[in-house]
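First comes the structure, then the notes that go with it.
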Amino acid sequence: MYQPFLPISYERPASVAEPKGVVFTKPWVVELLLDLAGYAVQSNLVDALAIEPAAGEGAFLVPMALRLVASCLRQNRSLSDCESSLIAYELDEASAETARQAVVEALQAAGTRQAAAEKLAAGWVRAGDYLFDAARLPRADYVIGNPPYIRLEDIPPGTASLYRDAYPTMRGRADLYVAFFEAALRQLHTNGVCAYICADRWMLNQYGAELRRLVTAGFGVETVVEMHNANAFDDDVSAYPAITVIRRGRQTRAVVASAGPAVESASGNFLASSLRSAVGGKLSTLPSGLTTAVVDSWFTGSDPWPCSSPTRLALLRRLEERFGPLETDATGTKVGIGVATGLDKVFITRDTKIVEETRLLPLAMAQDTVTGQFHWSGHYLVNPWEADGLVNLKGFPRLRAYLEKYQDQIKKRNTAQRNPHSWHRTIDRVNLDLINQQKLYIPDIKDCFNPVLDKGETYPHHNLYFIISDRWDLEVLGGLLLSSIGQLFIEAYGVRMRGGYFRFQAQYLRRIRVPNPESLSKATAEQLIRAFRQRNRQLATAVALEIYEVNETEMESAHRH
């Protein structure tokens, strides 16, 4: 079998500051994850198969071994019955031997004779690559552990290519842990469980889309515990960890929780029982530092999972069930993005003399929206498009002379190299009908929602998203988006950048839920228009809370968490 060379240990996230350090999962986190997975002494673990795909120095393997042996003894069975109940992987023989020794020492300390402990450890721990072996392993009842956080660019290209070929959910700039999820899920028996503590970025990011699709197609999410602020590891890491428990079976109610630093004082068993009780609605008091929410339905397809805040998620699910999406054919509402040129310094100008007047298109820039009112800065797009396609440069001598002056730079763009006969095109085609339509402009990067009205006078640049609609009064819609409800959706689905800024991208704008515009009374619409014109977020929020039937306390809690 092909043996990969990986330059770093599976047990260490790539985000750890010390390049050669190892991240150890804290015991309370291990116990919590095992309890949530149902890998408990009271269960018949002997006749089940559990797999630890990246054992490291045994943070999960050792407690699993102890629970397995205890389950065996509880049934008055021979320890030899356990020999095929557990499989653990490490990449090389030296690492595997370290893991075996940790198991032997733990079993001996628990009363197992040395010879028996060594025999069990030797049979359980394998040297090899779980990702390459998974398809040949028996079906598993449990796959448990802390898969590696390694970017594919940190893996030798040949190995990375093999991983991609074997695991189709690995798309874009995916981390290796995506493959570990896919391998585990495909290996499970019916009703089997995958329980990992792992970076949670795949739940929101584009590279996790295919993994989310796989999960929602044939599995049920049982529990997600966000642990960004919990002390889950012995070392500080910036991996945004979360415990995720996924079962091969029908999706039922799911519990989403957030764990803060105070939860470390509670036992893993108490935390797990609290989370299970939350699903049944039986819990009256939560452990300190733990917040939970129960959702009756999960997401579908490749939709993002905004699980960082239980309170926020519960509110989002309610809104999504009651209200329709912003972009819909029913109202003729569409979300789009402005024109990308590939060479702004040539295609964008303020000089009205350089080309024919008909070849200049008033262009809206993000800077034109800063005040909340649209103030055009005088930029134009040097426009090579007619309604039916690219212009014939022979008919526009000044445009031709201007573009040929910069043709060496223009032709270096990828779009020009792919289309050498239309080298003078912009990356995006210009839709001339758009310029005369009223639009809401939304800057790509902003700390809060800032919709601005264009009355049909300009065309948007690529750093502006736009909303057009057949049935919405755009000032009414702008007032809704200005509210904390609009902000809620962006905060939930978007990834916060440095400095507290968000990306207001089309994929996030389309997640926003809105009422039927005809359902709003004239008085309500007028209030939203006034809030929009005055940039009065407080008024916009007060009106929106009434429309969506959300109380202030609930909204404050959703934003706070």
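Chain lettering (A, B, ...) mirrors the order of the structure tokens, residue numbering begins at 1 for each chain separately, and ligand numbering begins at 1 in order of display.
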
>> When DSSP is applied to the backbone of this structure, which of region 79-210 of chain A are assigned strand (DSSP E)? Write them out as number ranges by chain.
In response: A: 86-90, 125-127, 140-145, 188-199

> In region 247-428 of chain A, what's alpha helix (DSSP H) per DSSP? Answer as a PyMOL selection string?
Replying inline: chain A and resi 268-279+310-322+344-347+397-405+407-410+414-418

> Near Thr98 (chain A), counting only C-alpha atoms, which residues have an atom at most 12 Å away, once you skip same-chain residues fewer than 4 positions from it, shown as a ChimeraX atom specification?
Replying inline: /A:55-59,61-62,89-94,102-105,121-122,125-127

Go ahead and dump the residues you just picked, N, CA, C and O atoms, as a compact mmCIF listing (two decimals), in the first residue's frame.
```txt
# COMPACT_ATOMS: atom_id res chain seq x y z
N ALA A 55 -4.77 8.60 16.61
CA ALA A 55 -4.66 8.36 18.05
C ALA A 55 -3.69 9.28 18.78
O ALA A 55 -3.86 9.54 19.96
N GLY A 56 -2.66 9.77 18.08
CA GLY A 56 -1.68 10.61 18.77
C GLY A 56 -1.07 9.87 19.93
O GLY A 56 -0.65 8.72 19.83
N GLU A 57 -1.06 10.52 21.10
CA GLU A 57 -0.51 9.87 22.30
C GLU A 57 -1.60 9.32 23.19
O GLU A 57 -1.37 9.03 24.37
N GLY A 58 -2.82 9.20 22.64
CA GLY A 58 -3.84 8.43 23.34
C GLY A 58 -4.88 9.22 24.10
O GLY A 58 -5.55 8.66 24.96
N ALA A 59 -5.07 10.51 23.80
CA ALA A 59 -6.04 11.31 24.55
C ALA A 59 -7.42 10.68 24.52
O ALA A 59 -8.13 10.66 25.53
N LEU A 61 -7.86 7.46 22.82
CA LEU A 61 -7.66 6.01 22.78
C LEU A 61 -7.63 5.41 24.18
O LEU A 61 -8.27 4.37 24.43
N VAL A 62 -6.91 6.02 25.10
CA VAL A 62 -6.78 5.45 26.45
C VAL A 62 -8.12 5.39 27.16
O VAL A 62 -8.50 4.32 27.68
N TYR A 89 -5.42 4.27 14.85
CA TYR A 89 -4.38 4.49 13.84
C TYR A 89 -3.39 5.56 14.27
O TYR A 89 -3.76 6.56 14.88
N GLU A 90 -2.14 5.31 13.93
CA GLU A 90 -1.11 6.35 13.91
C GLU A 90 -0.28 6.13 12.66
O GLU A 90 -0.16 5.01 12.16
N LEU A 91 0.34 7.21 12.16
CA LEU A 91 0.95 7.15 10.84
C LEU A 91 2.17 6.25 10.75
O LEU A 91 2.37 5.57 9.75
N ASP A 92 3.01 6.25 11.77
CA ASP A 92 4.23 5.47 11.69
C ASP A 92 4.36 4.56 12.90
O ASP A 92 3.67 4.72 13.90
N GLU A 93 5.28 3.63 12.81
CA GLU A 93 5.41 2.62 13.85
C GLU A 93 5.84 3.22 15.18
O GLU A 93 5.37 2.80 16.25
N ALA A 94 6.71 4.21 15.15
CA ALA A 94 7.15 4.82 16.41
C ALA A 94 5.99 5.48 17.14
O ALA A 94 5.82 5.32 18.36
N ALA A 102 0.93 3.76 26.03
CA ALA A 102 0.00 4.53 26.86
C ALA A 102 -1.19 3.67 27.25
O ALA A 102 -1.67 3.73 28.40
N VAL A 103 -1.67 2.84 26.33
CA VAL A 103 -2.79 1.95 26.63
C VAL A 103 -2.39 0.89 27.66
O VAL A 103 -3.11 0.62 28.63
N VAL A 104 -1.23 0.31 27.46
CA VAL A 104 -0.75 -0.72 28.38
C VAL A 104 -0.64 -0.18 29.80
O VAL A 104 -1.12 -0.80 30.77
N GLU A 105 -0.04 0.98 29.93
CA GLU A 105 0.14 1.56 31.27
C GLU A 105 -1.21 1.87 31.92
O GLU A 105 -1.40 1.63 33.13
N ALA A 121 -3.33 -4.08 23.38
CA ALA A 121 -2.79 -2.86 22.76
C ALA A 121 -2.16 -3.17 21.41
O ALA A 121 -2.32 -2.40 20.44
N ALA A 122 -1.47 -4.30 21.32
CA ALA A 122 -0.83 -4.67 20.05
C ALA A 122 -1.86 -4.91 18.95
O ALA A 122 -1.63 -4.59 17.78
N VAL A 125 -3.86 -1.09 18.08
CA VAL A 125 -3.19 0.07 17.50
C VAL A 125 -2.42 -0.33 16.25
O VAL A 125 -1.57 -1.23 16.29
N ARG A 126 -2.68 0.35 15.17
CA ARG A 126 -2.06 0.06 13.88
C ARG A 126 -1.23 1.25 13.40
O ARG A 126 -1.60 2.39 13.62
N ALA A 127 -0.16 0.93 12.70
CA ALA A 127 0.63 1.97 12.03
C ALA A 127 0.17 2.03 10.58
O ALA A 127 0.25 1.04 9.85
```

>> Set the distance at 8 Å and use only C-alpha atoms: which residues neighbour Thr331 (chain A) once local chain neighbours fewer than 4 positions away are removed? I'd like the list as a list in words.
In response: Glu327, Ser469, Asp470, Arg471 and Trp472 of chain A

Selection export as a CSV table (one decimal), in the first residue's frame, atoms kept: N, CA, C and O atoms:
```csv
chain,number,residue,atom,x,y,z
A,327,GLU,N,-34.5,36.6,-2.0
A,327,GLU,CA,-34.5,36.5,-3.4
A,327,GLU,C,-35.5,35.4,-3.8
A,327,GLU,O,-35.4,34.2,-3.4
A,469,SER,N,-36.1,44.6,-7.2
A,469,SER,CA,-37.3,44.0,-7.0
A,469,SER,C,-38.4,44.5,-7.8
A,469,SER,O,-38.5,45.8,-8.0
A,470,ASP,N,-39.4,43.7,-8.2
A,470,ASP,CA,-40.6,44.1,-8.9
A,470,ASP,C,-41.7,44.6,-7.9
A,470,ASP,O,-42.5,45.5,-8.3
A,471,ARG,N,-41.7,44.0,-6.7
A,471,ARG,CA,-42.8,44.3,-5.8
A,471,ARG,C,-42.5,45.0,-4.5
A,471,ARG,O,-43.3,45.6,-3.9
A,472,TRP,N,-41.2,45.0,-4.1
A,472,TRP,CA,-40.8,45.7,-2.9
A,472,TRP,C,-40.6,47.2,-3.3
A,472,TRP,O,-40.0,47.5,-4.3
```

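Within 9 Å of Arg350 (chain A), once only C-alpha atoms are used and residues closer than 2 positions along the same chain are dropped, the contacting residues are A:Ile348, A:Thr352, A:Ser377, A:Gly378, A:His379, A:Tyr380, A:Leu381.
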
Write the residues of the preceding selection, restricted to all heavy atoms, as a JSON list (two decimals), in the first residue's frame.
```json
[["chain", "number", "residue", "atom", "x", "y", "z"],
["A", 348, "ILE", "N", -11.75, 51.90, -15.35],
["A", 348, "ILE", "CA", -12.48, 52.86, -14.52],
["A", 348, "ILE", "C", -11.76, 54.21, -14.60],
["A", 348, "ILE", "O", -10.54, 54.28, -14.45],
["A", 348, "ILE", "CB", -12.56, 52.37, -13.06],
["A", 348, "ILE", "CG1", -13.36, 51.06, -12.99],
["A", 348, "ILE", "CG2", -13.24, 53.43, -12.19],
["A", 348, "ILE", "CD1", -13.46, 50.47, -11.60],
["A", 352, "THR", "N", -13.82, 62.22, -18.71],
["A", 352, "THR", "CA", -14.92, 62.04, -19.66],
["A", 352, "THR", "C", -14.50, 62.25, -21.11],
["A", 352, "THR", "O", -15.33, 62.14, -22.02],
["A", 352, "THR", "CB", -16.07, 63.00, -19.33],
["A", 352, "THR", "OG1", -15.58, 64.35, -19.42],
["A", 352, "THR", "CG2", -16.61, 62.74, -17.93],
["A", 377, "SER", "N", -19.34, 59.61, -6.93],
["A", 377, "SER", "CA", -17.99, 60.18, -6.92],
["A", 377, "SER", "C", -17.49, 60.54, -8.31],
["A", 377, "SER", "O", -16.35, 60.99, -8.46],
["A", 377, "SER", "CB", -17.02, 59.19, -6.27],
["A", 377, "SER", "OG", -17.09, 57.91, -6.90],
["A", 378, "GLY", "N", -18.29, 60.34, -9.35],
["A", 378, "GLY", "CA", -17.90, 60.74, -10.70],
["A", 378, "GLY", "C", -17.11, 59.70, -11.45],
["A", 378, "GLY", "O", -16.50, 60.01, -12.49],
["A", 379, "HIS", "N", -17.11, 58.45, -10.98],
["A", 379, "HIS", "CA", -16.40, 57.40, -11.69],
["A", 379, "HIS", "C", -17.25, 56.85, -12.83],
["A", 379, "HIS", "O", -18.47, 56.80, -12.74],
["A", 379, "HIS", "CB", -16.04, 56.25, -10.74],
["A", 379, "HIS", "CG", -14.93, 56.57, -9.81],
["A", 379, "HIS", "ND1", -15.14, 57.09, -8.55],
["A", 379, "HIS", "CD2", -13.58, 56.45, -9.94],
["A", 379, "HIS", "CE1", -13.97, 57.28, -7.94],
["A", 379, "HIS", "NE2", -13.02, 56.89, -8.78],
["A", 380, "TYR", "N", -16.56, 56.46, -13.90],
["A", 380, "TYR", "CA", -17.22, 55.85, -15.06],
["A", 380, "TYR", "C", -16.56, 54.51, -15.37],
["A", 380, "TYR", "O", -15.36, 54.32, -15.14],
["A", 380, "TYR", "CB", -17.09, 56.75, -16.30],
["A", 380, "TYR", "CG", -17.87, 58.03, -16.25],
["A", 380, "TYR", "CD1", -17.28, 59.20, -15.75],
["A", 380, "TYR", "CD2", -19.17, 58.10, -16.73],
["A", 380, "TYR", "CE1", -17.97, 60.39, -15.71],
["A", 380, "TYR", "CE2", -19.88, 59.30, -16.71],
["A", 380, "TYR", "CZ", -19.28, 60.44, -16.20],
["A", 380, "TYR", "OH", -19.97, 61.62, -16.18],
["A", 381, "LEU", "N", -17.36, 53.63, -15.92],
["A", 381, "LEU", "CA", -16.83, 52.42, -16.52],
["A", 381, "LEU", "C", -16.60, 52.68, -17.99],
["A", 381, "LEU", "O", -17.50, 53.15, -18.70],
["A", 381, "LEU", "CB", -17.83, 51.26, -16.36],
["A", 381, "LEU", "CG", -17.45, 49.95, -17.06],
["A", 381, "LEU", "CD1", -16.28, 49.29, -16.34],
["A", 381, "LEU", "CD2", -18.64, 49.01, -17.15]]
```

> Any idea what the distance is between CA of Ala48 (chain A) and CA of Ala184 (chain A)?
Replying inline: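 Spanning CA of Ala48 (chain A) to CA of Ala184 (chain A) is a straight-line distance of 15.1 Å.
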
>> Which residues are near region 288-290 of chain A? Cut-off 7 Å, only C-alpha atoms, ignore same chain within fewer than 5 positions. Put them as a list in words.
In response: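 Skipping anything fewer than 5 positions along the chain leaves Ala257, Ser258, Ala259, Gly260, Pro261, Ala262 and Val263 of chain A.
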
Expected file: the selected residues, C-alpha atoms, as a JSON list (two decimals), in the first residue's frame:
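Dumped to part_39.json:
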```
[["chain", "number", "residue", "atom", "x", "y", "z"],
["A", 257, "ALA", "CA", -24.84, 24.28, 22.63],
["A", 258, "SER", "CA", -22.13, 26.78, 23.41],
["A", 259, "ALA", "CA", -19.56, 26.06, 26.09],
["A", 260, "GLY", "CA", -17.67, 28.78, 27.93],
["A", 261, "PRO", "CA", -14.70, 28.55, 30.30],
["A", 262, "ALA", "CA", -16.88, 27.77, 33.32],
["A", 263, "VAL", "CA", -18.00, 24.38, 31.96]]
```
